[in-house]
Every structure is written in structure tokens, then in C-alpha cells.
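Structure data (TSV, C-alpha atoms and all ligand atoms) from data.tsv:
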chain	number	residue	atom	x	y	z
A	17	MET	CA	31.94	-15.39	-0.24
A	18	PRO	CA	31.90	-12.64	-2.87
A	19	LEU	CA	29.26	-12.85	-5.52
A	20	THR	CA	30.31	-14.21	-8.88
A	21	GLU	CA	30.27	-12.08	-12.03
A	22	GLU	CA	27.35	-14.10	-13.17
A	23	GLU	CA	25.32	-13.40	-10.06
A	24	ILE	CA	26.03	-9.68	-10.18
A	25	GLY	CA	25.67	-9.44	-13.94
A	26	SER	CA	22.45	-11.37	-14.06
A	27	THR	CA	20.67	-9.01	-11.74
A	28	ALA	CA	21.85	-5.81	-13.32
A	29	THR	CA	21.63	-6.68	-16.97
A	30	SER	CA	19.23	-9.56	-17.29
A	31	THR	CA	16.42	-9.27	-19.76
A	32	PRO	CA	13.09	-8.77	-18.03
A	33	SER	CA	12.25	-12.12	-16.53
A	34	LYS	CA	8.94	-13.88	-16.48
A	35	LYS	CA	6.29	-11.98	-14.56
A	36	PHE	CA	4.81	-13.82	-11.61
A	37	GLU	CA	1.39	-12.71	-10.44
A	38	CYS	CA	1.01	-14.63	-7.18
A	39	LEU	CA	3.14	-16.73	-4.83
A	40	GLU	CA	2.15	-20.03	-6.40
A	41	ASP	CA	3.45	-18.88	-9.79
A	42	LEU	CA	6.97	-19.07	-8.35
A	43	PRO	CA	8.67	-22.36	-9.21
A	44	GLY	CA	9.06	-24.40	-6.04
A	45	VAL	CA	6.20	-22.74	-4.16
A	46	GLY	CA	3.29	-25.14	-3.91
A	47	PRO	CA	-0.09	-24.53	-2.33
A	48	ALA	CA	1.07	-25.59	1.16
A	49	THR	CA	4.12	-23.32	1.20
A	50	SER	CA	2.11	-20.48	-0.30
A	51	LYS	CA	-0.47	-20.85	2.46
A	52	LYS	CA	2.21	-20.81	5.15
A	53	LEU	CA	3.92	-17.78	3.65
A	54	GLN	CA	0.63	-15.93	3.57
A	55	GLU	CA	-0.03	-16.80	7.19
A	56	MET	CA	3.35	-15.27	7.94
A	57	GLY	CA	2.34	-12.02	6.22
A	58	PHE	CA	3.88	-12.59	2.79
A	59	HIS	CA	0.93	-12.30	0.43
A	60	THR	CA	2.63	-10.77	-2.56
A	61	ILE	CA	5.70	-11.21	-4.75
A	62	GLU	CA	6.74	-7.70	-3.74
A	63	SER	CA	6.96	-8.57	-0.05
A	64	LEU	CA	8.93	-11.75	-0.79
A	65	ALA	CA	11.39	-9.76	-2.88
A	66	THR	CA	12.47	-7.78	0.17
A	67	ALA	CA	12.42	-10.67	2.66
A	68	THR	CA	15.48	-12.36	4.12
A	69	ALA	CA	15.98	-16.13	3.88
A	70	ARG	CA	15.79	-16.42	7.65
A	71	GLU	CA	12.39	-14.77	7.71
A	72	LEU	CA	11.06	-17.47	5.40
A	73	GLU	CA	12.40	-20.31	7.54
A	74	PRO	CA	9.19	-20.80	9.55
A	75	ALA	CA	7.42	-21.67	6.29
A	76	GLY	CA	9.35	-24.93	6.44
A	77	ILE	CA	11.51	-24.36	3.36
A	78	SER	CA	15.24	-24.85	3.20
A	79	GLU	CA	17.58	-21.88	3.18
A	80	LYS	CA	18.59	-22.65	-0.39
A	81	LYS	CA	15.02	-22.79	-1.56
A	82	ALA	CA	14.24	-19.60	0.33
A	83	LEU	CA	17.11	-17.85	-1.43
A	84	ASP	CA	15.91	-19.13	-4.81
A	85	VAL	CA	12.40	-17.92	-4.14
A	86	ILE	CA	13.61	-14.50	-3.01
A	87	ARG	CA	15.84	-14.21	-6.07
A	88	LEU	CA	13.00	-15.05	-8.42
A	89	ALA	CA	10.76	-12.55	-6.66
A	90	ARG	CA	13.47	-9.91	-6.93
A	91	GLY	CA	13.88	-10.57	-10.64
A	92	ASN	CA	10.19	-10.02	-10.94
A	93	ILE	CA	10.23	-6.52	-9.50
A	94	GLU	CA	13.70	-5.60	-10.73
A	95	LEU	CA	15.54	-4.99	-7.46
A	96	ALA	CA	19.19	-5.29	-8.31
A	97	PHE	CA	22.77	-4.32	-7.72
A	98	THR	CA	23.21	-1.01	-9.41
A	99	ARG	CA	25.93	1.41	-10.30
A	100	ALA	CA	25.62	4.92	-8.93
A	101	ASP	CA	24.72	6.34	-12.33
A	102	GLU	CA	21.95	3.78	-12.62
A	103	LEU	CA	20.93	4.59	-9.08
A	104	LEU	CA	20.38	8.14	-10.20
A	105	LYS	CA	18.08	6.84	-12.91
A	106	GLN	CA	16.36	4.70	-10.31
A	107	ARG	CA	15.85	7.76	-8.15
A	108	GLN	CA	13.96	9.19	-11.06
A	109	THR	CA	11.30	6.57	-10.35
A	110	ILE	CA	10.77	8.32	-7.01
A	111	ASP	CA	7.60	10.36	-7.11
A	112	ARG	CA	6.61	13.40	-5.08
A	113	LEU	CA	3.55	14.08	-3.05
A	114	THR	CA	2.47	17.63	-2.21
A	115	THR	CA	1.79	18.69	1.39
A	116	GLY	CA	-0.64	21.36	0.26
A	117	SER	CA	1.81	24.17	1.02
A	118	GLN	CA	4.23	25.20	-1.70
A	119	THR	CA	6.82	26.50	0.74
A	120	LEU	CA	6.73	23.32	2.80
A	121	ASP	CA	7.07	21.33	-0.41
A	122	ASN	CA	10.08	23.44	-1.36
A	123	LEU	CA	11.70	22.77	2.00
A	124	LEU	CA	11.35	19.06	1.22
A	125	GLY	CA	12.83	19.42	-2.25
A	126	GLY	CA	9.46	19.29	-4.00
A	127	GLY	CA	7.16	17.39	-1.65
A	128	LEU	CA	7.30	14.06	0.17
A	129	GLU	CA	9.26	11.34	-1.60
A	130	THR	CA	8.03	7.86	-2.34
A	131	GLN	CA	10.25	4.92	-1.32
A	132	THR	CA	11.35	6.67	1.87
A	133	ILE	CA	10.04	7.38	5.35
A	134	THR	CA	9.15	10.94	6.30
A	135	GLU	CA	8.73	11.59	10.02
A	136	PHE	CA	6.77	14.50	11.47
A	137	TYR	CA	7.46	15.04	15.14
A	138	GLY	CA	6.25	17.65	17.55
A	139	GLU	CA	4.15	18.41	20.58
A	140	TYR	CA	0.47	17.72	20.96
A	141	GLY	CA	-1.51	19.99	18.63
A	142	SER	CA	1.45	20.85	16.42
A	143	GLY	CA	-0.37	19.59	13.31
A	144	LYS	CA	1.00	16.08	12.74
A	145	SER	CA	-2.38	14.41	12.29
A	146	GLN	CA	-3.73	17.34	10.27
A	147	LEU	CA	-0.87	16.92	7.82
A	148	CYS	CA	-1.58	13.19	7.64
A	149	HIS	CA	-5.23	13.87	6.80
A	150	GLN	CA	-4.23	16.35	4.13
A	151	LEU	CA	-1.81	13.88	2.56
A	152	CYS	CA	-4.64	11.31	2.34
A	153	VAL	CA	-6.55	13.77	0.16
A	154	ASN	CA	-3.57	15.02	-1.85
A	155	VAL	CA	-2.31	11.55	-2.77
A	156	GLN	CA	-5.54	11.07	-4.71
A	157	LEU	CA	-4.87	14.05	-6.96
A	158	PRO	CA	-3.50	13.55	-10.45
A	159	VAL	CA	0.27	13.71	-10.83
A	160	GLN	CA	0.13	17.16	-12.47
A	161	GLN	CA	-1.44	18.51	-9.28
A	162	GLY	CA	1.12	16.97	-6.94
A	163	GLY	CA	-0.70	13.72	-6.22
A	164	LEU	CA	-0.02	10.09	-7.05
A	165	ASN	CA	-3.50	9.19	-8.21
A	166	ALA	CA	-3.58	6.55	-5.48
A	167	ALA	CA	-5.06	5.51	-2.14
A	168	THR	CA	-3.87	5.57	1.49
A	169	LEU	CA	-3.39	3.08	4.30
A	170	TYR	CA	-3.78	4.92	7.60
A	171	ILE	CA	-2.72	3.08	10.75
A	172	ASP	CA	-4.28	5.08	13.57
A	173	THR	CA	-2.93	4.38	17.04
A	174	GLU	CA	-4.43	7.32	18.94
A	175	ASN	CA	-7.94	7.19	17.55
A	176	THR	CA	-7.64	10.65	16.03
A	177	PHE	CA	-8.46	9.83	12.42
A	178	ARG	CA	-11.68	11.64	11.40
A	179	THR	CA	-13.49	11.09	8.12
A	180	GLU	CA	-15.29	14.41	8.72
A	181	ARG	CA	-11.96	16.19	8.45
A	182	LEU	CA	-11.19	14.47	5.16
A	183	VAL	CA	-14.57	15.58	3.87
A	184	GLN	CA	-13.84	19.24	4.71
A	185	MET	CA	-10.50	19.07	2.95
A	186	ALA	CA	-11.93	17.25	-0.07
A	187	GLN	CA	-14.75	19.80	-0.45
A	188	HIS	CA	-12.26	22.63	-0.45
A	189	GLN	CA	-10.48	21.01	-3.41
A	190	ASN	CA	-13.77	20.33	-5.22
A	191	LEU	CA	-13.25	16.59	-4.92
A	192	ASP	CA	-16.10	14.17	-4.32
A	193	PRO	CA	-15.89	13.61	-0.55
A	194	GLU	CA	-17.44	10.17	-0.76
A	195	GLN	CA	-14.89	9.05	-3.32
A	196	VAL	CA	-12.04	10.55	-1.30
A	197	ALA	CA	-13.18	8.72	1.83
A	198	LYS	CA	-13.39	5.45	-0.09
A	199	ASN	CA	-9.73	5.71	-0.97
A	200	VAL	CA	-8.53	5.83	2.62
A	201	ILE	CA	-8.25	2.47	4.34
A	202	VAL	CA	-8.08	3.02	8.09
A	203	ALA	CA	-6.76	0.45	10.55
A	204	ASP	CA	-7.08	1.09	14.28
A	205	ALA	CA	-4.11	-0.31	16.17
A	206	TYR	CA	-4.97	-1.15	19.76
A	207	THR	CA	-1.51	-2.12	21.02
A	208	SER	CA	2.03	-2.03	19.69
A	209	ASP	CA	1.72	-5.74	18.89
A	210	HIS	CA	-1.42	-5.06	16.92
A	211	GLN	CA	0.24	-2.16	15.13
A	212	VAL	CA	3.15	-4.39	14.10
A	213	PHE	CA	0.75	-7.14	13.03
A	214	LEU	CA	-1.26	-4.74	10.86
A	215	LEU	CA	1.83	-3.59	8.97
A	216	GLU	CA	3.24	-7.11	8.65
A	217	ASN	CA	0.02	-8.11	6.92
A	218	ALA	CA	-0.54	-4.97	4.89
A	219	ASP	CA	1.03	-5.99	1.59
A	220	LYS	CA	-2.10	-7.52	0.10
A	221	ILE	CA	-4.28	-4.55	1.03
A	222	ILE	CA	-1.70	-2.18	-0.39
A	223	LYS	CA	-1.58	-4.01	-3.68
A	224	GLU	CA	-5.31	-4.58	-4.07
A	225	ASN	CA	-6.24	-1.01	-3.27
A	226	ASP	CA	-3.51	0.70	-5.23
A	227	ILE	CA	-2.14	2.32	-2.09
A	228	ARG	CA	0.86	4.60	-2.43
A	229	LEU	CA	0.75	6.37	0.91
A	230	ILE	CA	1.26	4.48	4.18
A	231	ILE	CA	0.74	6.47	7.37
A	232	ILE	CA	1.43	5.41	10.95
A	233	ASP	CA	-0.05	8.05	13.27
A	234	SER	CA	1.58	7.72	15.74
A	235	LEU	CA	4.55	5.44	15.36
A	236	THR	CA	5.62	5.57	18.99
A	237	SER	CA	2.63	6.15	21.27
A	238	HIS	CA	1.88	2.49	22.03
A	239	PHE	CA	5.54	1.60	22.33
A	240	ARG	CA	6.06	4.48	24.69
A	241	SER	CA	3.20	3.59	27.00
A	242	GLU	CA	3.77	-0.17	26.98
A	243	TYR	CA	7.51	-0.31	27.46
A	244	VAL	CA	8.18	1.56	30.66
A	245	GLY	CA	11.31	1.10	32.69
A	246	ARG	CA	14.89	0.87	31.54
A	247	GLU	CA	15.02	-2.90	31.38
A	248	THR	CA	12.41	-2.95	28.59
A	249	LEU	CA	14.16	-0.35	26.47
A	250	ALA	CA	16.33	-2.72	24.44
A	251	LEU	CA	13.38	-4.88	23.49
A	252	ARG	CA	11.29	-1.83	22.58
A	253	GLN	CA	14.04	-0.51	20.32
A	254	GLN	CA	14.51	-3.87	18.68
A	255	ARG	CA	10.81	-4.14	17.88
A	256	LEU	CA	10.59	-0.55	16.67
A	257	ASN	CA	13.57	-1.17	14.43
A	258	LYS	CA	11.95	-4.19	12.82
A	259	HIS	CA	8.68	-2.30	12.41
A	260	MET	CA	10.43	0.60	10.66
A	261	HIS	CA	12.29	-1.76	8.36
A	262	LYS	CA	9.07	-3.41	7.36
A	263	LEU	CA	7.74	0.03	6.52
A	264	ILE	CA	10.79	0.89	4.41
A	265	ARG	CA	10.46	-2.36	2.50
A	266	LEU	CA	6.79	-1.80	1.77
A	267	ALA	CA	7.50	1.75	0.62
A	268	ARG	CA	10.18	0.51	-1.77
A	269	ALA	CA	8.24	-2.46	-3.06
A	270	PHE	CA	5.15	-0.41	-3.86
A	271	ASN	CA	6.82	2.91	-4.66
A	272	ALA	CA	4.80	4.43	-1.83
A	273	ALA	CA	5.40	7.40	0.45
A	274	ALA	CA	5.66	6.35	4.10
A	275	VAL	CA	4.78	8.84	6.82
A	276	VAL	CA	5.17	8.37	10.56
A	277	THR	CA	4.36	10.79	13.35
A	278	ASN	CA	6.20	10.98	16.61
A	279	GLN	CA	5.87	12.73	19.93
A	280	VAL	CA	8.52	14.68	21.75
A	281	MET	CA	10.01	14.47	25.20
A	282	ALA	CA	11.45	17.29	27.26
A	283	LYS	CA	15.23	17.40	27.51
A	284	PRO	CA	15.75	18.54	31.09
A	285	ASP	CA	19.41	19.44	30.61
A	286	VAL	CA	19.16	21.77	27.64
A	287	PHE	CA	19.48	25.53	28.05
A	288	PHE	CA	20.10	26.57	24.45
A	289	GLY	CA	18.23	25.49	21.38
A	290	ASP	CA	15.29	23.13	21.52
A	291	ALA	CA	14.46	21.65	24.86
A	292	VAL	CA	12.60	18.75	23.28
A	293	HIS	CA	13.61	15.71	21.32
A	294	PRO	CA	11.67	13.03	19.47
A	295	ILE	CA	10.87	9.65	21.00
A	296	GLY	CA	12.45	6.48	19.70
A	297	GLY	CA	16.12	7.30	20.07
A	298	HIS	CA	18.64	6.20	17.49
A	299	VAL	CA	16.38	3.62	15.91
A	300	VAL	CA	13.79	6.11	14.73
A	301	ALA	CA	16.43	8.74	13.99
A	302	HIS	CA	18.32	6.40	11.70
A	303	THR	CA	15.42	4.75	9.96
A	304	SER	CA	13.46	7.92	9.16
A	305	HIS	CA	15.00	9.33	6.02
A	306	THR	CA	13.53	12.78	6.39
A	307	ARG	CA	12.63	14.27	9.77
A	308	ILE	CA	10.51	17.37	10.23
A	309	TYR	CA	9.97	19.10	13.54
A	310	LEU	CA	6.63	20.88	13.83
A	311	ARG	CA	5.79	23.58	16.31
A	312	LYS	CA	3.16	26.23	16.82
A	313	ALA	CA	3.94	29.83	15.97
A	314	SER	CA	3.29	32.40	18.67
A	315	ARG	CA	-0.18	33.14	17.30
A	316	GLY	CA	-3.07	31.65	15.37
A	317	PRO	CA	-3.16	28.75	12.97
A	318	VAL	CA	0.43	29.10	11.80
A	319	ARG	CA	2.86	26.23	12.24
A	320	ILE	CA	6.61	26.16	11.76
A	321	ALA	CA	8.17	23.16	10.08
A	322	ARG	CA	11.87	22.61	10.43
A	323	LEU	CA	13.70	20.11	8.27
A	324	VAL	CA	15.99	18.52	10.82
A	325	SER	CA	17.48	15.72	8.83
A	326	SER	CA	17.52	14.74	5.18
A	327	PRO	CA	19.92	12.54	3.21
A	328	TYR	CA	20.59	15.32	0.70
A	329	LEU	CA	18.79	18.56	1.55
A	330	PRO	CA	20.03	21.42	3.74
A	331	ASP	CA	18.27	22.05	7.04
A	332	GLY	CA	15.80	24.88	6.96
A	333	GLU	CA	12.44	26.17	8.08
A	334	SER	CA	9.16	27.03	6.49
A	335	ILE	CA	5.71	27.98	7.72
A	336	PHE	CA	2.21	26.83	6.83
A	337	LYS	CA	-1.20	27.15	8.42
A	338	ILE	CA	-4.00	24.84	9.42
A	339	THR	CA	-7.49	26.05	8.58
A	340	GLN	CA	-10.91	24.55	7.97
A	341	ASN	CA	-9.69	23.93	4.41
A	342	GLY	CA	-6.68	21.96	5.53
A	343	ILE	CA	-2.98	22.70	5.17
A	344	GLU	CA	-2.51	26.02	3.43
A	345	GLU	CA	0.08	28.52	2.40
A	346	VAL	CA	0.66	31.48	4.72
A	347	GLU	CA	0.02	34.88	3.12
A	348	GLU	CA	2.89	37.13	2.16
A	349	ASP	CA	2.02	39.89	4.67
A	350	TYR	CA	2.22	37.50	7.61
A	351	ARG	CA	5.58	36.27	6.37
A	352	LYS	CA	6.92	39.81	6.16
A	353	GLY	CA	5.67	40.68	9.62
A	354	ARG	CA	7.10	37.57	11.13
A	401	LIG	N1	-11.31	22.04	11.27
A	401	LIG	C1	-10.26	22.72	11.66
A	401	LIG	N2	-10.09	24.00	11.35
A	401	LIG	C2	-9.04	24.69	11.74
A	401	LIG	N3	-8.03	24.18	12.48
A	401	LIG	C3	-8.12	22.91	12.83
A	401	LIG	C4	-9.21	22.10	12.44
A	401	LIG	N4	-9.02	20.87	12.93
A	401	LIG	C5	-7.85	20.91	13.61
A	401	LIG	N5	-7.30	22.12	13.56
A	401	LIG	C6	-6.05	22.57	14.18
A	401	LIG	O1	-5.18	21.47	14.31
A	401	LIG	C7	-4.82	21.28	15.67
A	401	LIG	C8	-4.66	19.82	15.97
A	401	LIG	O2	-3.60	19.34	15.22
A	401	LIG	P1	-3.22	17.82	15.18
A	401	LIG	O3	-2.67	17.56	13.84
A	401	LIG	O4	-4.34	17.00	15.65
A	401	LIG	O5	-2.05	17.76	16.28
A	401	LIG	P2	-1.06	16.57	16.61
A	401	LIG	O6	0.28	17.12	16.26
A	401	LIG	O7	-1.23	16.37	18.08
A	401	LIG	O8	-1.45	15.40	15.79
A	401	LIG	C9	-5.92	21.92	16.46
A	401	LIG	O9	-5.44	22.35	17.71
A	401	LIG	C10	-6.31	23.09	15.57
A	401	LIG	O10	-5.40	24.14	15.78
A	402	MG	MG	-2.10	13.52	16.32

Just dump the structure as C-alpha cells.
Ligand SMILES: Nc1ncnc2c1ncn2[C@@H]1O[C@H](COP(=O)(O)OP(=O)(O)O)[C@@H](O)[C@H]1O
Ligand SMILES: [Mg+2]
Amino acid sequence: MPLTEEEIGSTATSTPSKKFECLEDLPGVGPATSKKLQEMGFHTIESLATATARELEPAGISEKKALDVIRLARGNIELAFTRADELLKQRQTIDRLTTGSQTLDNLLGGGLETQTITEFYGEYGSGKSQLCHQLCVNVQLPVQQGGLNAATLYIDTENTFRTERLVQMAQHQNLDPEQVAKNVIVADAYTSDHQVFLLENADKIIKENDIRLIIIDSLTSHFRSEYVGRETLALRQQRLNKHMHKLIRLARAFNAAAVVTNQVMAKPDVFFGDAVHPIGGHVVAHTSHTRIYLRKASRGPVRIARLVSSPYLPDGESIFKITQNGIEEVEEDYRKGR
């Protein structure tokens, strides 16, 4: 059934509705329902706003009540039907986060975007985790310096997160290393189930810690090692899809940048172009908004980043380097000699 004028109009033009602080402020949500919702991973109004009625079913509330609750939550954070011109205004609420390299930022149209997923994929040692560490530091910078003045949630699946590395990068930027380390909340994910669970329950931590960067490093490693054999592929893809959608919804609800890393697999049948492709098939390809392929240059600390897919930017390449200081710009003379 199409939506009535009233339903459409009320979302787009309504005066700012009452602000709800916690689940129990929502009319119709009592302590018992609130408890159940929280057990299911919905701790905040923001996460309810992007839920589907079916997802709320296990809390024991009717579909109608679920829809009412979701609508109220949406009103609270102003998610609405919008015209394209308004959408453009809404896109202006998207913020940018610097990678630490001006040319890489330029390739991305001015840095990583909030409210979307950016995927870095590449071989072992190509710099995916180094970039993630650097972003944890940069997100803490003031807006004028390319940061978001905010904290990070880092879901580490390969046990490669190192506070020592953050400290080196922080020192280089004359930031207080202790303070920088305090603003990175690290969660070790032991299995794909655990990884999914951590993200499903992340909303409260994100809100309480003023987190605006969510990293999953790596998105696919557990899935890849646990789901072997063709018969498990469909289930793996279904679970990855749900996981990525949760990430998108968190990024939108909290105006956060979401970053995932991904490994590559050899393409045995390719003779021209790249003989590798990222894991995760169509699911990851379609849910990552911006994909960047990282590879090592022929020598030294230089890495090549190729923008492979973006909703609005042309493909292209840029280079950066990884040093003790972190992610840095490559000097002009190297560029010329390249
Ligand atoms: N302290 C450091 N100083 C200089 N280069 C470093 C430092 N730490 C890591 N690197 C570089 O980063 C590489 C590892 O990159 P990493 O991001 O871990 O790869 P992956 O893509 O597998 O996540 C190392 O091989 C090294 O070249
Ligand atoms: Mg890594």
C-alpha cells in the first residue's frame, strides 16, 4: 500500500519532535520491553531508528507496536523521506576524515566519508592495518586538521592492533599518546560469530564514547577460514551481508566513518590486468561504498592505492608511504622518477 500524504509529509516537514534520551522514554516501551530490546543489541534510540519491525519481533511486541516505536525513534533522529535537493543538503552533514596523505585524500574526494563504508583490500603487508591505525589517530584531530574530534571502535580479528604503533603516530603529530590511546576502544573478535556479536552490541559503546570511526580489521578473515566448501558459501554470504548492513546503519545513525579491510584471492584465469580479487564476492562489493585496492610499489615503503569503486568519483591511483611516523605523503622527486 502506498504511503499517504500525511505519512510522507509528516516525516519530511514535521516540526522537530520530542527528544527521547533512552528506550524507556519511548511511549509504549516499558522496562520489560526495554530490557529485552537491549538484550537483542538495541541499546539506543539511534539503533532502533534503523531497525526493521521483524527484527524487533523477538522482543515480544506486535508488528504494529514495533512500527510505532521505530517511527518515533526515526522522528527523534530525523531520518526521513527526502527530495533529491534535500538529499544534497543532507550530504552536507557528511564529514571527512583525513588519511594522512593529501594525495590519497584527493583521490577519495577529500578524505574518508562518514555515513558510508570504505573498504581497503590488498595482499598481506600492503598497508591495510597501518592505515587503520593512522585513522584512529587522525579521527581525534580537530575538524580544521581533517579529524572529527572523536574516538574509534576497532574490531580486530587478526590480532594485529598495536597500541605501540598508535603511540609512534601520535608522537609524530605532537599529540599526547596516552590520551590518543584512551580514545581507541579495541575489541578482539575470536570467531565470525563473535565479530558479528560485537558489532550487534556496539551501539551503546559508540554513543557513550563519542565514537565516529568504526573499523573492522579484517572483515573477512574469520568468515573465510570458517566457511570452507561450496555448500557453506550461501550461508557465509548471507551472514556477511547482514553484518555489513549493521555496519552501514551504525555509520548512518552516528554519522561515523566505517572502514573494513579485506584480503585478496588469486584469480587463476586472468592474464591481463590484476590477477587478484577481493574476498566476499558480490555482497562485499555491493555493500562497500568506496573500495580501494592497496599494493606495494616495486621498492621501499611506498604503497599504491587505487580507487576501484565509488558512487560518484572517477577511478584513479595515488601513492603514499608507510614510515615510523605513519602514513605520509611521498616526496615530489620520487613521484617524478616513478
Ligand atoms: N613502525 C613502522 N615503520 C615503518 N614501516 C612500518 C612500521 N610498521 C609497519 N610498517 C610497514 O607496514 C607493513 C605492514 O602493513 P600492514 O598494514 O600490517 O599490512 P596488512 O595490509 O597486511 O594489514 C610492514 O611490512 C612495513 O612495511
Ligand atoms: Mg592487517

#### Entry: Selection as a PyMOL selection string: residues within 10 Å of ligand MG 402 (chain A) by only C-alpha atoms and all ligand atoms
chain A and resi 137-148+172-177+233-234+277-279

### Query
From the set A:Ala69, A:Ile338, A:Ile222, A:Ile227, which residue has the shortest atom-to-atom contact distance to ligand LIG 401 (chain A), counting all atoms listed in the file?
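Among the listed residues, A:Ile338 lies closest to ligand LIG 401 (chain A).
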
### Query
With distances taken over all atoms listed in the file, which of A:Thr66, A:Thr303, A:Arg322, A:Thr119 is nearest to Arg351 of chain A?
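Ranked by minimum distance to Arg351 of chain A, first place goes to A:Thr119.
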
### Query
Using only C-alpha atoms and all ligand atoms, which of the listed residues (A:Glu242, A:Glu348, A:Asp331, A:Glu135) sits closest to ligand LIG 401 (chain A)?
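For ligand LIG 401 (chain A), the nearest of the given residues is A:Glu135.
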
Might I get the box with edges along x, y and z of the file that holds all atoms of ligand LIG 401 (chain A) listed there, padded by 3 Å on every side, given as centre and edge lengths in Å to one decimal, as AutoDock Vina command-line options?
--center_x -5.5 --center_y 20.0 --center_z 14.7 --size_x 17.6 --size_y 15.3 --size_z 12.8

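Among the candidates A:Arg228, A:Arg178, A:Lys258, A:Lys198, the one nearest to Thr130 of chain A when counting only C-alpha atoms is A:Arg228.
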
### Query
What is the atom CA of Phe336 of chain A-atom CA of Ile320 of chain A distance in Å, reported with one decimal?
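The value is 6.6 Å.
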
### Query
Given the choices A:Ala167, A:Leu329, A:Leu266, A:Cys38, which gets closest to His59 of chain A if the distance is worked out from all atoms listed in the file?
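Once distances to His59 of chain A are computed over all atoms listed in the file, the minimum belongs to A:Cys38.
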
#### Entry: From A:Val318, A:Ala301, A:Ala67, A:Leu235, residue lying nearest Ala89 of chain A [only C-alpha atoms]
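Nearest candidate to Ala89 of chain A out of A:Val318, A:Ala301, A:Ala67, A:Leu235: A:Ala67.
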
### Task
Please provide the set of residues having any atom within 7 Å of Thr114 of chain A, restricted to all atoms listed in the file, with same-chain residues fewer than 3 positions apart removed, written as a list in words.
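So, after excluding close chain neighbours, the residues are Asp121, Gly127, Leu128, Asn154, Gly162 and Gly163 of chain A.
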
### Query
Leaving out Leu151 of chain A and any residue of its chain fewer than 4 positions from it, which residues lie within 12 Å of it when counting all atoms listed in the file, given as a PyMOL selection string?
chain A and resi 112-117+121+127-128+134+144-147+155-157+162-170+181-182+185-186+196+199-200+228-231+273-276+342-343

Any chance you could export the current selection's C-alpha atoms as an mmCIF file, in the frame of the given file?
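Final output, out30.cif:
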data_model
loop_
_atom_site.group_PDB
_atom_site.id
_atom_site.type_symbol
_atom_site.label_atom_id
_atom_site.label_comp_id
_atom_site.auth_asym_id
_atom_site.auth_seq_id
_atom_site.Cartn_x
_atom_site.Cartn_y
_atom_site.Cartn_z
ATOM 1 C CA ARG A 112 6.610 13.400 -5.080
ATOM 2 C CA LEU A 113 3.550 14.080 -3.050
ATOM 3 C CA THR A 114 2.470 17.630 -2.210
ATOM 4 C CA THR A 115 1.790 18.690 1.390
ATOM 5 C CA GLY A 116 -0.640 21.360 0.260
ATOM 6 C CA SER A 117 1.810 24.170 1.020
ATOM 7 C CA ASP A 121 7.070 21.330 -0.410
ATOM 8 C CA GLY A 127 7.160 17.390 -1.650
ATOM 9 C CA LEU A 128 7.300 14.060 0.170
ATOM 10 C CA THR A 134 9.150 10.940 6.300
ATOM 11 C CA LYS A 144 1.000 16.080 12.740
ATOM 12 C CA SER A 145 -2.380 14.410 12.290
ATOM 13 C CA GLN A 146 -3.730 17.340 10.270
ATOM 14 C CA LEU A 147 -0.870 16.920 7.820
ATOM 15 C CA VAL A 155 -2.310 11.550 -2.770
ATOM 16 C CA GLN A 156 -5.540 11.070 -4.710
ATOM 17 C CA LEU A 157 -4.870 14.050 -6.960
ATOM 18 C CA GLY A 162 1.120 16.970 -6.940
ATOM 19 C CA GLY A 163 -0.700 13.720 -6.220
ATOM 20 C CA LEU A 164 -0.020 10.090 -7.050
ATOM 21 C CA ASN A 165 -3.500 9.190 -8.210
ATOM 22 C CA ALA A 166 -3.580 6.550 -5.480
ATOM 23 C CA ALA A 167 -5.060 5.510 -2.140
ATOM 24 C CA THR A 168 -3.870 5.570 1.490
ATOM 25 C CA LEU A 169 -3.390 3.080 4.300
ATOM 26 C CA TYR A 170 -3.780 4.920 7.600
ATOM 27 C CA ARG A 181 -11.960 16.190 8.450
ATOM 28 C CA LEU A 182 -11.190 14.470 5.160
ATOM 29 C CA MET A 185 -10.500 19.070 2.950
ATOM 30 C CA ALA A 186 -11.930 17.250 -0.070
ATOM 31 C CA VAL A 196 -12.040 10.550 -1.300
ATOM 32 C CA ASN A 199 -9.730 5.710 -0.970
ATOM 33 C CA VAL A 200 -8.530 5.830 2.620
ATOM 34 C CA ARG A 228 0.860 4.600 -2.430
ATOM 35 C CA LEU A 229 0.750 6.370 0.910
ATOM 36 C CA ILE A 230 1.260 4.480 4.180
ATOM 37 C CA ILE A 231 0.740 6.470 7.370
ATOM 38 C CA ALA A 273 5.400 7.400 0.450
ATOM 39 C CA ALA A 274 5.660 6.350 4.100
ATOM 40 C CA VAL A 275 4.780 8.840 6.820
ATOM 41 C CA VAL A 276 5.170 8.370 10.560
ATOM 42 C CA GLY A 342 -6.680 21.960 5.530
ATOM 43 C CA ILE A 343 -2.980 22.700 5.170
#
